[in-house]
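**Q** File run22.cif below, mmCIF, C-alpha atoms and all ligand atoms:
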data_my_file
loop_
_atom_site.label_atom_id
_atom_site.label_comp_id
_atom_site.auth_asym_id
_atom_site.auth_seq_id
_atom_site.Cartn_x
_atom_site.Cartn_y
_atom_site.Cartn_z
CA MET Q 291 -88.24 36.35 -95.62
CA GLN Q 292 -90.13 33.29 -96.72
CA ILE Q 293 -93.71 34.37 -97.39
CA ILE Q 294 -96.35 31.66 -97.69
CA ILE Q 295 -99.95 32.48 -98.52
CA TYR Q 296 -102.65 29.97 -97.61
CA ASP Q 297 -106.31 29.87 -98.61
CA ASN Q 298 -107.52 30.22 -95.04
CA ALA Q 299 -106.58 30.65 -91.39
CA GLN Q 300 -106.95 26.95 -90.65
CA LEU Q 301 -104.18 26.11 -93.12
CA VAL Q 302 -101.97 28.81 -91.56
CA ALA Q 303 -102.41 27.10 -88.18
CA GLN Q 304 -101.71 23.66 -89.67
CA SER Q 305 -98.50 24.88 -91.25
CA ALA Q 306 -97.36 26.57 -88.02
CA ALA Q 307 -98.12 23.35 -86.11
CA ASN Q 308 -95.93 21.41 -88.56
CA TRP Q 309 -93.03 23.77 -87.85
CA VAL Q 310 -93.41 23.30 -84.10
CA LYS Q 311 -93.77 19.55 -84.47
CA GLU Q 312 -90.67 19.33 -86.62
CA LEU Q 313 -88.64 21.24 -84.01
CA ILE Q 314 -89.90 19.06 -81.15
CA ASN Q 315 -89.17 15.86 -83.04
CA LYS Q 316 -85.78 17.01 -84.20
CA LYS Q 317 -84.24 18.45 -81.05
CA THR Q 318 -83.83 16.75 -77.70
CA ASP Q 319 -84.17 19.98 -75.69
CA PRO Q 320 -86.22 22.35 -77.88
CA VAL Q 321 -86.81 25.93 -76.79
CA LEU Q 322 -90.04 27.35 -78.12
CA GLY Q 323 -91.01 31.02 -78.10
CA LEU Q 324 -94.76 31.48 -77.66
CA ALA Q 325 -97.26 34.23 -78.37
CA THR Q 326 -100.73 35.13 -77.13
CA GLY Q 327 -103.61 36.84 -78.96
CA SER Q 328 -106.42 35.27 -81.00
CA THR Q 329 -104.25 34.28 -83.97
CA PRO Q 330 -102.17 31.49 -82.36
CA ILE Q 331 -105.19 29.89 -80.61
CA SER Q 332 -105.82 27.63 -83.61
CA LEU Q 333 -102.12 26.65 -83.61
CA TYR Q 334 -102.38 25.62 -79.95
CA LYS Q 335 -105.56 23.64 -80.75
CA GLN Q 336 -103.68 21.71 -83.41
CA LEU Q 337 -100.77 21.02 -81.06
CA VAL Q 338 -103.14 19.75 -78.36
CA GLU Q 339 -104.85 17.48 -80.92
CA GLN Q 340 -101.51 16.16 -82.09
CA HIS Q 341 -100.46 15.56 -78.50
CA LYS Q 342 -103.64 13.55 -77.88
CA SER Q 343 -103.69 11.58 -81.12
CA ASN Q 344 -100.08 11.30 -82.24
CA ASN Q 345 -98.24 11.39 -78.94
CA LEU Q 346 -96.50 14.67 -79.69
CA SER Q 347 -94.70 15.09 -76.38
CA PHE Q 348 -93.80 18.40 -74.73
CA LYS Q 349 -91.90 16.69 -71.91
CA ASN Q 350 -88.52 18.12 -72.94
CA VAL Q 351 -89.81 21.45 -74.26
CA THR Q 352 -88.93 24.75 -72.59
CA THR Q 353 -91.07 27.76 -73.50
CA PHE Q 354 -90.58 31.51 -73.30
CA ASN Q 355 -93.56 33.75 -73.90
CA LEU Q 356 -93.18 37.08 -75.62
CA ASP Q 357 -94.98 39.21 -73.08
CA GLU Q 358 -97.07 39.55 -69.95
CA TYR Q 359 -99.08 42.41 -68.45
CA HIS Q 360 -97.27 44.48 -65.85
CA GLN Q 361 -98.16 43.67 -62.24
CA ILE Q 362 -100.95 41.31 -63.21
CA ASP Q 363 -101.76 38.46 -60.85
CA PRO Q 364 -100.71 35.31 -62.74
CA VAL Q 365 -103.91 33.55 -61.64
CA SER Q 366 -106.12 36.36 -63.01
CA SER Q 367 -108.08 35.13 -66.03
CA GLN Q 368 -106.61 38.05 -68.02
CA SER Q 369 -102.98 37.15 -67.46
CA TYR Q 370 -101.03 35.67 -70.34
CA ARG Q 371 -100.00 32.88 -67.96
CA SER Q 372 -103.70 31.93 -67.70
CA PHE Q 373 -104.08 32.23 -71.47
CA MET Q 374 -101.23 29.77 -72.02
CA THR Q 375 -102.54 27.40 -69.35
CA GLU Q 376 -106.01 27.40 -70.88
CA HIS Q 377 -104.96 27.04 -74.49
CA LEU Q 378 -101.90 24.82 -74.24
CA PHE Q 379 -100.10 23.98 -71.01
CA LYS Q 380 -102.90 22.18 -69.16
CA HIS Q 381 -103.66 19.97 -72.17
CA VAL Q 382 -100.15 18.65 -72.84
CA ASP Q 383 -97.39 16.92 -70.90
CA ILE Q 384 -95.21 20.02 -70.49
CA ASP Q 385 -93.46 20.59 -67.16
CA VAL Q 386 -94.84 23.98 -66.04
CA ASN Q 387 -91.54 24.68 -64.33
CA ASN Q 388 -90.08 24.94 -67.82
CA THR Q 389 -92.57 27.57 -68.98
CA TYR Q 390 -91.50 31.18 -68.60
CA LEU Q 391 -93.19 34.56 -69.07
CA PRO Q 392 -91.58 37.98 -68.55
CA THR Q 393 -93.42 38.76 -65.34
CA CYS Q 394 -93.10 41.82 -63.15
CA ALA Q 395 -95.16 41.61 -59.98
CA VAL Q 396 -96.05 44.50 -57.68
CA GLY Q 397 -92.88 45.62 -55.87
CA GLU Q 398 -90.53 44.09 -58.45
CA ASN Q 399 -88.20 46.23 -60.50
CA PRO Q 400 -89.02 45.99 -64.25
CA ARG Q 401 -85.35 46.56 -65.18
CA THR Q 402 -84.13 43.71 -62.99
CA GLN Q 403 -86.94 41.48 -64.21
CA GLY Q 404 -86.14 42.23 -67.85
CA LEU Q 405 -82.46 41.42 -67.38
CA ALA Q 406 -83.31 38.22 -65.52
CA TYR Q 407 -85.56 37.10 -68.40
CA GLU Q 408 -82.80 37.71 -70.93
CA GLU Q 409 -80.41 35.73 -68.74
CA LYS Q 410 -82.85 32.83 -68.42
CA ILE Q 411 -83.24 32.62 -72.22
CA LYS Q 412 -79.46 32.60 -72.58
CA GLN Q 413 -79.06 29.85 -69.96
CA GLN Q 414 -81.47 27.66 -71.93
CA GLY Q 415 -79.39 28.10 -75.08
CA GLY Q 416 -81.62 30.68 -76.81
CA VAL Q 417 -84.98 30.33 -78.52
CA ASP Q 418 -85.05 27.87 -81.43
CA LEU Q 419 -88.39 28.88 -82.93
CA GLN Q 420 -90.28 32.01 -81.95
CA VAL Q 421 -94.00 32.08 -82.76
CA LEU Q 422 -95.31 35.60 -83.44
CA GLY Q 423 -98.55 37.35 -84.26
CA ILE Q 424 -98.70 40.95 -85.43
CA GLY Q 425 -100.68 43.90 -84.09
CA ALA Q 426 -102.74 46.04 -86.48
CA ASN Q 427 -100.12 48.76 -85.91
CA GLY Q 428 -97.24 46.41 -86.82
CA HIS Q 429 -96.21 45.57 -83.26
CA ILE Q 430 -94.64 42.23 -82.34
CA GLY Q 431 -94.87 41.12 -78.73
CA PHE Q 432 -95.75 44.45 -77.14
CA ASN Q 433 -93.04 46.33 -79.03
CA GLU Q 434 -95.12 49.28 -80.09
CA PRO Q 435 -94.15 51.62 -82.96
CA THR Q 436 -90.98 53.60 -82.08
CA SER Q 437 -89.55 50.63 -80.12
CA SER Q 438 -85.82 50.39 -80.65
CA LEU Q 439 -85.05 47.70 -83.21
CA SER Q 440 -82.36 46.38 -80.86
CA SER Q 441 -84.43 46.55 -77.66
CA ARG Q 442 -84.29 43.81 -75.02
CA THR Q 443 -86.92 42.57 -72.53
CA ARG Q 444 -88.37 45.58 -70.73
CA ILE Q 445 -91.52 47.41 -69.72
CA LYS Q 446 -93.55 49.18 -72.43
CA THR Q 447 -96.50 51.53 -72.34
CA LEU Q 448 -99.20 50.32 -74.73
CA THR Q 449 -100.61 52.56 -77.43
CA GLN Q 450 -104.26 53.61 -77.44
CA GLN Q 451 -104.76 51.47 -80.55
CA THR Q 452 -103.44 48.33 -78.82
CA ILE Q 453 -105.48 49.04 -75.69
CA SER Q 454 -108.61 49.45 -77.77
CA ASP Q 455 -107.82 46.40 -80.01
CA ASN Q 456 -107.40 44.23 -76.91
CA SER Q 457 -110.34 45.71 -74.98
CA ARG Q 458 -112.62 43.06 -76.55
CA LEU Q 459 -110.90 40.52 -74.29
CA PHE Q 460 -111.88 42.33 -71.07
CA LYS Q 461 -115.31 42.09 -69.47
CA PRO Q 462 -117.12 45.29 -68.45
CA GLY Q 463 -115.74 46.48 -65.11
CA GLU Q 464 -112.46 44.57 -65.50
CA GLN Q 465 -109.42 46.81 -65.34
CA GLN Q 466 -107.31 46.64 -68.52
CA PRO Q 467 -103.56 47.04 -67.97
CA THR Q 468 -101.86 49.78 -69.94
CA MET Q 469 -98.30 48.54 -69.46
CA ALA Q 470 -96.62 45.23 -70.21
CA MET Q 471 -93.29 43.45 -70.01
CA THR Q 472 -92.19 42.31 -73.43
CA MET Q 473 -89.23 40.64 -75.10
CA GLY Q 474 -87.49 43.34 -77.10
CA ILE Q 475 -87.10 43.33 -80.87
CA GLY Q 476 -83.42 42.44 -80.35
CA THR Q 477 -84.51 39.51 -78.16
CA ILE Q 478 -86.90 38.28 -80.87
CA MET Q 479 -84.24 38.72 -83.55
CA ASP Q 480 -81.93 36.38 -81.60
CA ALA Q 481 -84.29 33.41 -82.10
CA ARG Q 482 -82.91 30.94 -84.63
CA TYR Q 483 -86.20 30.90 -86.55
CA VAL Q 484 -89.17 33.23 -86.33
CA LEU Q 485 -92.62 32.13 -87.46
CA LEU Q 486 -95.10 34.98 -87.84
CA MET Q 487 -98.78 34.17 -88.32
CA ALA Q 488 -101.18 36.81 -89.64
CA THR Q 489 -104.80 36.22 -90.58
CA GLY Q 490 -107.72 38.48 -91.46
CA ALA Q 491 -108.15 41.70 -93.40
CA ASN Q 492 -107.49 43.90 -90.34
CA LYS Q 493 -103.83 42.80 -90.53
CA ALA Q 494 -103.39 43.48 -94.27
CA ASN Q 495 -101.86 46.96 -93.87
CA ALA Q 496 -99.47 45.91 -91.11
CA VAL Q 497 -98.41 42.90 -93.21
CA LYS Q 498 -97.77 45.14 -96.20
CA ASP Q 499 -95.63 47.52 -94.09
CA MET Q 500 -93.73 44.59 -92.56
CA ILE Q 501 -92.87 42.98 -95.90
CA ALA Q 502 -92.88 45.74 -98.48
CA GLY Q 503 -92.16 48.85 -96.44
CA GLY Q 504 -88.77 50.09 -95.30
CA VAL Q 505 -87.23 48.77 -92.09
CA SER Q 506 -88.52 51.21 -89.54
CA ALA Q 507 -89.18 51.47 -85.81
CA MET Q 508 -92.63 52.74 -86.84
CA CYS Q 509 -93.43 49.18 -87.97
CA PRO Q 510 -91.59 46.97 -85.45
CA ALA Q 511 -92.34 43.78 -87.46
CA SER Q 512 -90.34 45.21 -90.38
CA ALA Q 513 -87.18 44.35 -88.37
CA LEU Q 514 -87.86 40.76 -89.47
CA GLN Q 515 -86.61 41.77 -92.94
CA MET Q 516 -83.18 41.58 -91.30
CA HIS Q 517 -83.73 38.10 -89.82
CA GLU Q 518 -81.94 35.22 -91.49
CA ASN Q 519 -84.82 32.78 -91.00
CA ALA Q 520 -88.14 34.62 -90.94
CA ILE Q 521 -91.15 32.60 -92.10
CA ILE Q 522 -94.35 34.57 -92.65
CA LEU Q 523 -97.57 32.54 -92.79
CA LEU Q 524 -100.55 34.48 -94.16
CA ASP Q 525 -104.10 33.78 -95.13
CA LYS Q 526 -105.45 35.43 -98.29
CA ALA Q 527 -107.11 38.29 -96.40
CA ALA Q 528 -103.92 39.25 -94.53
CA ALA Q 529 -101.95 39.05 -97.80
CA SER Q 530 -104.50 41.09 -99.76
CA GLU Q 531 -102.49 44.36 -99.79
CA LEU Q 532 -99.30 42.71 -101.10
CA SER Q 533 -98.57 43.45 -104.75
CA ASP Q 534 -96.20 40.51 -105.33
CA GLN Q 535 -98.51 37.67 -104.30
CA SER Q 536 -97.98 35.62 -107.46
CA TYR Q 537 -94.20 35.70 -106.95
CA TYR Q 538 -94.55 34.50 -103.34
CA GLN Q 539 -96.82 31.67 -104.49
CA TRP Q 540 -94.46 30.65 -107.26
CA ALA Q 541 -91.42 30.78 -104.93
CA ASP Q 542 -93.32 28.62 -102.44
CA ASN Q 543 -94.01 26.00 -105.14
CA GLU Q 544 -90.33 25.99 -106.10
CA ASN Q 545 -89.36 25.61 -102.42
CA ARG Q 546 -91.66 22.61 -102.06
CA LYS Q 547 -89.83 20.93 -104.95
CA LEU Q 548 -86.50 21.58 -103.22
CA ILE Q 549 -87.87 20.14 -99.98
CA GLU Q 550 -89.12 17.03 -101.83
CA HIS Q 551 -85.67 16.57 -103.26
CA TYR Q 552 -83.40 17.50 -100.36
CA GLY Q 553 -85.73 17.24 -97.35
CA TYR Q 554 -86.11 19.96 -94.73
CA PHE Q 555 -83.00 21.67 -93.55
CA HIS Q 556 -83.60 23.59 -90.36
CA ASN Q 557 -80.47 24.44 -88.50
CA TYR Q 558 -81.70 24.42 -84.90
C1 LIG K 601 -101.24 41.43 -78.56
C2 LIG K 601 -99.97 40.61 -78.32
C3 LIG K 601 -99.24 40.29 -79.61
C4 LIG K 601 -100.22 39.81 -80.66
C5 LIG K 601 -101.19 40.92 -80.98
C6 LIG K 601 -102.21 40.54 -82.03
O1 LIG K 601 -101.13 42.80 -78.39
N1 LIG K 601 -99.08 41.24 -77.41
O2 LIG K 601 -98.25 39.30 -79.34
O3 LIG K 601 -99.53 39.43 -81.84
O4 LIG K 601 -101.89 41.27 -79.79
O5 LIG K 601 -103.23 39.77 -81.48
P1 LIG K 601 -104.35 39.05 -82.28
O6 LIG K 601 -103.76 37.76 -82.75
O7 LIG K 601 -105.44 38.84 -81.28
O8 LIG K 601 -104.76 39.93 -83.40
#
Spit out the file's structure as structure tokens when you get a sec.
**A**
Amino acid sequence: MQIIIYDNAQLVAQSAANWVKELINKKTDPVLGLATGSTPISLYKQLVEQHKSNNLSFKNVTTFNLDEYHQIDPVSSQSYRSFMTEHLFKHVDIDVNNTYLPTCAVGENPRTQGLAYEEKIKQQGGVDLQVLGIGANGHIGFNEPTSSLSSRTRIKTLTQQTISDNSRLFKPGEQQPTMAMTMGIGTIMDARYVLLMATGANKANAVKDMIAGGVSAMCPASALQMHENAIILLDKAAASELSDQSYYQWADNENRKLIEHYGYFHNY
């Protein structure tokens, strides 16, 4: 794991945007894994700005989102499709036909839908860079604690904690889904690079379990300890429970020197 601690959430977003930009500029047919939640909103803002000012083009980009609510109408304002449209897709030159979410509409079979999503990712050559947030209970995507560490795209029942954490996003009277389709942990682990963003003190315990705890299905994000290219971008508040912060900062400085000397080497 490469752990980088920034002074604030804005710098986390800037750094994440640089990773995405580098992938898009480097590869002719980049495949980007996307996440929802409040954390990546500032990343999407930066990407939109860069698209408008620096001509960062999404024309050849294919995207796969981590998750989507079960049986939700894609045009509902609460769907993750709408979230992505609002925060990214409608502001850039991406072809919406190349944007995928693991949907499961009323009448569709979640098993078939999950398999089809896996197949689609495979057909596109796999995900190059998967953006991730983390739930306060250590979940990634909607892989709640106890999710198999080798799970694939499937339907999951959300925990009470996740339902209550996300309830702030629903207006009074709006029905909040309790089930979702999500890439599995095995699916996420197949991405060539994973980029996890965590900001704010409410993530500090989950971040500590992910980095310094044992690999356990009780903290799904801890599976990233086994990923060859896991980059963890934290602000100071999210890093506050880590005991080795000075080592991570020192290692980051040393890495910067290597990058200055040898340039970036990302094997997409
Ligand atoms: C949701 C999403 C996750 C996200 C998490 C944290 O449950 N399924 O992908 O990482 O919430 O969201 P936030 O960034 O709002 O804290």
**Q** Using only C-alpha atoms, which of the listed residues (Q:Ala306, Q:Val484, Q:Met500, Q:Ile331) sits closest to His517 of chain Q?
**A** Q:Val484
**Q** Can you work out which one of Q:Thr389, Q:Asn543, Q:Thr375, Q:Gln403 has the shortest atom-to-atom distance to Met471 of chain Q, counting all atoms listed in the file?
**A**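 Between Q:Thr389, Q:Asn543, Q:Thr375, Q:Gln403, the residue approaching Met471 of chain Q most closely is Q:Gln403.
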**Q** Please tabulate, as CSV, the residues of chain Q that come within 10 Å of ligand LIG 601 (chain K), each with its closest pair of atoms and the distance in Å to one decimal, counting only C-alpha atoms and all ligand atoms and ordering rows by chain, then residue number upward.
**A**
residue,atom,partner,partner_atom,distance
Q:Leu324,CA,K:LIG601,O2,8.7
Q:Ala325,CA,K:LIG601,O2,5.3
Q:Thr326,CA,K:LIG601,O2,5.3
Q:Gly327,CA,K:LIG601,O7,3.6
Q:Ser328,CA,K:LIG601,O7,3.7
Q:Thr329,CA,K:LIG601,O6,3.7
Q:Pro330,CA,K:LIG601,O6,6.5
Q:Ile331,CA,K:LIG601,O6,8.3
Q:Asn355,CA,K:LIG601,O2,9.1
Q:Leu356,CA,K:LIG601,O2,6.7
Q:Asp357,CA,K:LIG601,N1,6.3
Q:Glu358,CA,K:LIG601,N1,7.9
Q:Tyr359,CA,K:LIG601,N1,9.0
Q:Tyr370,CA,K:LIG601,N1,9.2
Q:Val421,CA,K:LIG601,O2,9.0
Q:Leu422,CA,K:LIG601,O3,5.9
Q:Gly423,CA,K:LIG601,O3,3.3
Q:Ile424,CA,K:LIG601,O3,4.0
Q:Gly425,CA,K:LIG601,C6,4.2
Q:Ala426,CA,K:LIG601,C6,7.1
Q:Asn427,CA,K:LIG601,C5,9.3
Q:Gly428,CA,K:LIG601,O3,8.9
Q:His429,CA,K:LIG601,C3,7.1
Q:Ile430,CA,K:LIG601,O2,5.5
Q:Gly431,CA,K:LIG601,O2,3.9
Q:Phe432,CA,K:LIG601,N1,4.6
Q:Asn433,CA,K:LIG601,N1,8.1
Q:Glu434,CA,K:LIG601,O1,9.0
Q:Leu448,CA,K:LIG601,O1,8.6
Q:Thr449,CA,K:LIG601,O1,9.8
Q:Gln451,CA,K:LIG601,O1,9.6
Q:Thr452,CA,K:LIG601,O1,6.0
Q:Ile453,CA,K:LIG601,O1,8.1
Q:Asp455,CA,K:LIG601,O1,7.8
Q:Asn456,CA,K:LIG601,O1,6.6
Q:Arg458,CA,K:LIG601,O7,9.6
Q:Leu459,CA,K:LIG601,O7,9.0
Q:Ala470,CA,K:LIG601,N1,8.6
Q:Met471,CA,K:LIG601,N1,9.7
Q:Thr472,CA,K:LIG601,N1,8.0
Q:Leu486,CA,K:LIG601,O3,8.7
Q:Met487,CA,K:LIG601,O6,8.3
Q:Ala488,CA,K:LIG601,O6,7.4
Q:Thr489,CA,K:LIG601,O6,8.0
Q:Gly490,CA,K:LIG601,O8,8.7
Q:Asn492,CA,K:LIG601,O8,8.4
Q:Lys493,CA,K:LIG601,O8,7.7
**Q** Hey, can you spit out that residue selection with C-alpha atoms as an mmCIF file, in the coordinates of the input?
**A**
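The resulting part09.cif:
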data_model
loop_
_atom_site.group_PDB
_atom_site.id
_atom_site.type_symbol
_atom_site.label_atom_id
_atom_site.label_comp_id
_atom_site.auth_asym_id
_atom_site.auth_seq_id
_atom_site.Cartn_x
_atom_site.Cartn_y
_atom_site.Cartn_z
ATOM 1 C CA LEU Q 324 -94.760 31.480 -77.660
ATOM 2 C CA ALA Q 325 -97.260 34.230 -78.370
ATOM 3 C CA THR Q 326 -100.730 35.130 -77.130
ATOM 4 C CA GLY Q 327 -103.610 36.840 -78.960
ATOM 5 C CA SER Q 328 -106.420 35.270 -81.000
ATOM 6 C CA THR Q 329 -104.250 34.280 -83.970
ATOM 7 C CA PRO Q 330 -102.170 31.490 -82.360
ATOM 8 C CA ILE Q 331 -105.190 29.890 -80.610
ATOM 9 C CA ASN Q 355 -93.560 33.750 -73.900
ATOM 10 C CA LEU Q 356 -93.180 37.080 -75.620
ATOM 11 C CA ASP Q 357 -94.980 39.210 -73.080
ATOM 12 C CA GLU Q 358 -97.070 39.550 -69.950
ATOM 13 C CA TYR Q 359 -99.080 42.410 -68.450
ATOM 14 C CA TYR Q 370 -101.030 35.670 -70.340
ATOM 15 C CA VAL Q 421 -94.000 32.080 -82.760
ATOM 16 C CA LEU Q 422 -95.310 35.600 -83.440
ATOM 17 C CA GLY Q 423 -98.550 37.350 -84.260
ATOM 18 C CA ILE Q 424 -98.700 40.950 -85.430
ATOM 19 C CA GLY Q 425 -100.680 43.900 -84.090
ATOM 20 C CA ALA Q 426 -102.740 46.040 -86.480
ATOM 21 C CA ASN Q 427 -100.120 48.760 -85.910
ATOM 22 C CA GLY Q 428 -97.240 46.410 -86.820
ATOM 23 C CA HIS Q 429 -96.210 45.570 -83.260
ATOM 24 C CA ILE Q 430 -94.640 42.230 -82.340
ATOM 25 C CA GLY Q 431 -94.870 41.120 -78.730
ATOM 26 C CA PHE Q 432 -95.750 44.450 -77.140
ATOM 27 C CA ASN Q 433 -93.040 46.330 -79.030
ATOM 28 C CA GLU Q 434 -95.120 49.280 -80.090
ATOM 29 C CA LEU Q 448 -99.200 50.320 -74.730
ATOM 30 C CA THR Q 449 -100.610 52.560 -77.430
ATOM 31 C CA GLN Q 451 -104.760 51.470 -80.550
ATOM 32 C CA THR Q 452 -103.440 48.330 -78.820
ATOM 33 C CA ILE Q 453 -105.480 49.040 -75.690
ATOM 34 C CA ASP Q 455 -107.820 46.400 -80.010
ATOM 35 C CA ASN Q 456 -107.400 44.230 -76.910
ATOM 36 C CA ARG Q 458 -112.620 43.060 -76.550
ATOM 37 C CA LEU Q 459 -110.900 40.520 -74.290
ATOM 38 C CA ALA Q 470 -96.620 45.230 -70.210
ATOM 39 C CA MET Q 471 -93.290 43.450 -70.010
ATOM 40 C CA THR Q 472 -92.190 42.310 -73.430
ATOM 41 C CA LEU Q 486 -95.100 34.980 -87.840
ATOM 42 C CA MET Q 487 -98.780 34.170 -88.320
ATOM 43 C CA ALA Q 488 -101.180 36.810 -89.640
ATOM 44 C CA THR Q 489 -104.800 36.220 -90.580
ATOM 45 C CA GLY Q 490 -107.720 38.480 -91.460
ATOM 46 C CA ASN Q 492 -107.490 43.900 -90.340
ATOM 47 C CA LYS Q 493 -103.830 42.800 -90.530
#
**Q** Which distance in Å separates atom CA of His360 of chain Q and atom CA of Gln466 of chain Q, to one decimal?
**A** 10.6 Å
**Q** Using all atoms listed in the file, pick whichever of Q:Val382, Q:Leu514, Q:Leu322, Q:Leu346 has the shortest atom-to-atom distance to Tyr558 of chain Q.
**A**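 Residue with the minimum atom-to-atom distance to Tyr558 of chain Q: Q:Leu322.
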**Q** Hey, can you check how far atom CA of Ala307 of chain Q sits from atom CA of Thr353 of chain Q?
**A**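 Atom CA of Thr353 of chain Q lies at a distance of 15.1 Å from atom CA of Ala307 of chain Q.
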**Q** Contacts of Ala299 of chain Q at 10 Å or less, counting all atoms listed in the file, minus same-chain residues fewer than 3 places along, as a list in words?
**A** Ile295, Tyr296, Val302, Ala303, Gln304, Ser305, Thr329, Ser332, Leu333, Met487, Ala488, Thr489, Gly490, Leu523, Leu524, Asp525, Lys526, Ala527 and Ala528 of chain Q
**Q** In Å, how far is it from atom CA of Gln420 of chain Q to atom CA of Leu378 of chain Q?
**A**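 About the pair atom CA of Gln420 of chain Q and atom CA of Leu378 of chain Q: they are 15.7 Å apart.
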**Q** Within 12 Å of (-100.4, 35.3, -61.2) (file coordinates; only C-alpha atoms), which protein or nucleic acid residues are there? I'd like them as JSON, numbers by chain.
**A** {"Q": [358, 359, 360, 361, 362, 363, 364, 365, 366, 367, 368, 369, 370, 371, 372, 373, 375, 391, 392, 393, 394, 395, 396]}
**Q** From the options Q:Val321, Q:Leu419, Q:Ile314, Q:Leu405, which residue's atoms come nearest to Ala481 of chain Q, counting all atoms listed in the file?
**A** Q:Leu419
**Q** With distances taken over only C-alpha atoms, which of Q:Gln340, Q:Ser347, Q:Asn495, Q:Ser457 is nearest to Ser530 of chain Q?
**A**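 Counting only C-alpha atoms, the residue closest to Ser530 of chain Q is Q:Asn495.
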**Q** Between Q:Ile501, Q:Asp480, Q:Cys509, Q:Thr402, single out the one closest to Glu531 of chain Q, counting all atoms listed in the file.
**A**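 Among the listed residues, the smallest separation from Glu531 of chain Q belongs to Q:Ile501.
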**Q** Show which residues sit within 8 Å of Ile521 of chain Q, as an MDAnalysis selection string. Count all atoms listed in the file, and ignore same-chain residues fewer than 2 positions away.
**A** chainID Q and resid 291:294 483:486 519 523
**Q** Please give the centre and size of the box around segment 334-344 of chain Q (axis-aligned, containing every atom listed in the file, 8 Å added per side), with values in Å to one decimal and written as JSON.
**A**
{"center_x": -102.8, "center_y": 18.5, "center_z": -80.6, "size_x": 21.5, "size_y": 30.3, "size_z": 21.5}
**Q** Excluding same-chain residues fewer than 3 positions from Gly404 of chain Q, what lies within 6 Å of it counting only C-alpha atoms, as a tab-separated table (two decimals) with C-alpha atoms, in the frame of the given file?
**A**
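Saved as selection-v2.tsv:
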chain	number	residue	atom	x	y	z
Q	400	PRO	CA	-89.02	45.99	-64.25
Q	401	ARG	CA	-85.35	46.56	-65.18
Q	407	TYR	CA	-85.56	37.10	-68.40
Q	443	THR	CA	-86.92	42.57	-72.53
Q	444	ARG	CA	-88.37	45.58	-70.73
**Q** Restore N, CA, C and O atoms in segment 533-543 of chain Q and list the result as a tab-separated table (two decimals), in the frame of the given file.
**A**
chain	number	residue	atom	x	y	z
Q	533	SER	N	-98.47	43.41	-103.29
Q	533	SER	CA	-98.57	43.45	-104.75
Q	533	SER	C	-97.86	42.27	-105.43
Q	533	SER	O	-98.11	42.00	-106.58
Q	534	ASP	N	-96.98	41.58	-104.69
Q	534	ASP	CA	-96.20	40.51	-105.33
Q	534	ASP	C	-96.69	39.11	-104.99
Q	534	ASP	O	-95.90	38.16	-104.96
Q	535	GLN	N	-97.99	38.97	-104.78
Q	535	GLN	CA	-98.51	37.67	-104.30
Q	535	GLN	C	-98.17	36.50	-105.21
Q	535	GLN	O	-97.85	35.42	-104.76
Q	536	SER	N	-98.22	36.75	-106.55
Q	536	SER	CA	-97.98	35.62	-107.46
Q	536	SER	C	-96.53	35.16	-107.36
Q	536	SER	O	-96.24	33.98	-107.45
Q	537	TYR	N	-95.60	36.10	-107.12
Q	537	TYR	CA	-94.20	35.70	-106.95
Q	537	TYR	C	-94.05	34.83	-105.69
Q	537	TYR	O	-93.39	33.80	-105.72
Q	538	TYR	N	-94.69	35.26	-104.59
Q	538	TYR	CA	-94.55	34.50	-103.34
Q	538	TYR	C	-95.10	33.08	-103.53
Q	538	TYR	O	-94.54	32.11	-103.02
Q	539	GLN	N	-96.22	32.99	-104.28
Q	539	GLN	CA	-96.82	31.67	-104.49
Q	539	GLN	C	-95.92	30.78	-105.36
Q	539	GLN	O	-95.73	29.60	-105.07
Q	540	TRP	N	-95.35	31.39	-106.37
Q	540	TRP	CA	-94.46	30.65	-107.26
Q	540	TRP	C	-93.21	30.20	-106.49
Q	540	TRP	O	-92.79	29.04	-106.57
Q	541	ALA	N	-92.62	31.12	-105.72
Q	541	ALA	CA	-91.42	30.78	-104.93
Q	541	ALA	C	-91.72	29.65	-103.95
Q	541	ALA	O	-90.90	28.76	-103.73
Q	542	ASP	N	-92.95	29.67	-103.38
Q	542	ASP	CA	-93.32	28.62	-102.44
Q	542	ASP	C	-93.39	27.26	-103.15
Q	542	ASP	O	-92.91	26.25	-102.64
Q	543	ASN	N	-93.96	27.26	-104.37
Q	543	ASN	CA	-94.01	26.00	-105.14
Q	543	ASN	C	-92.60	25.49	-105.42
Q	543	ASN	O	-92.33	24.30	-105.29
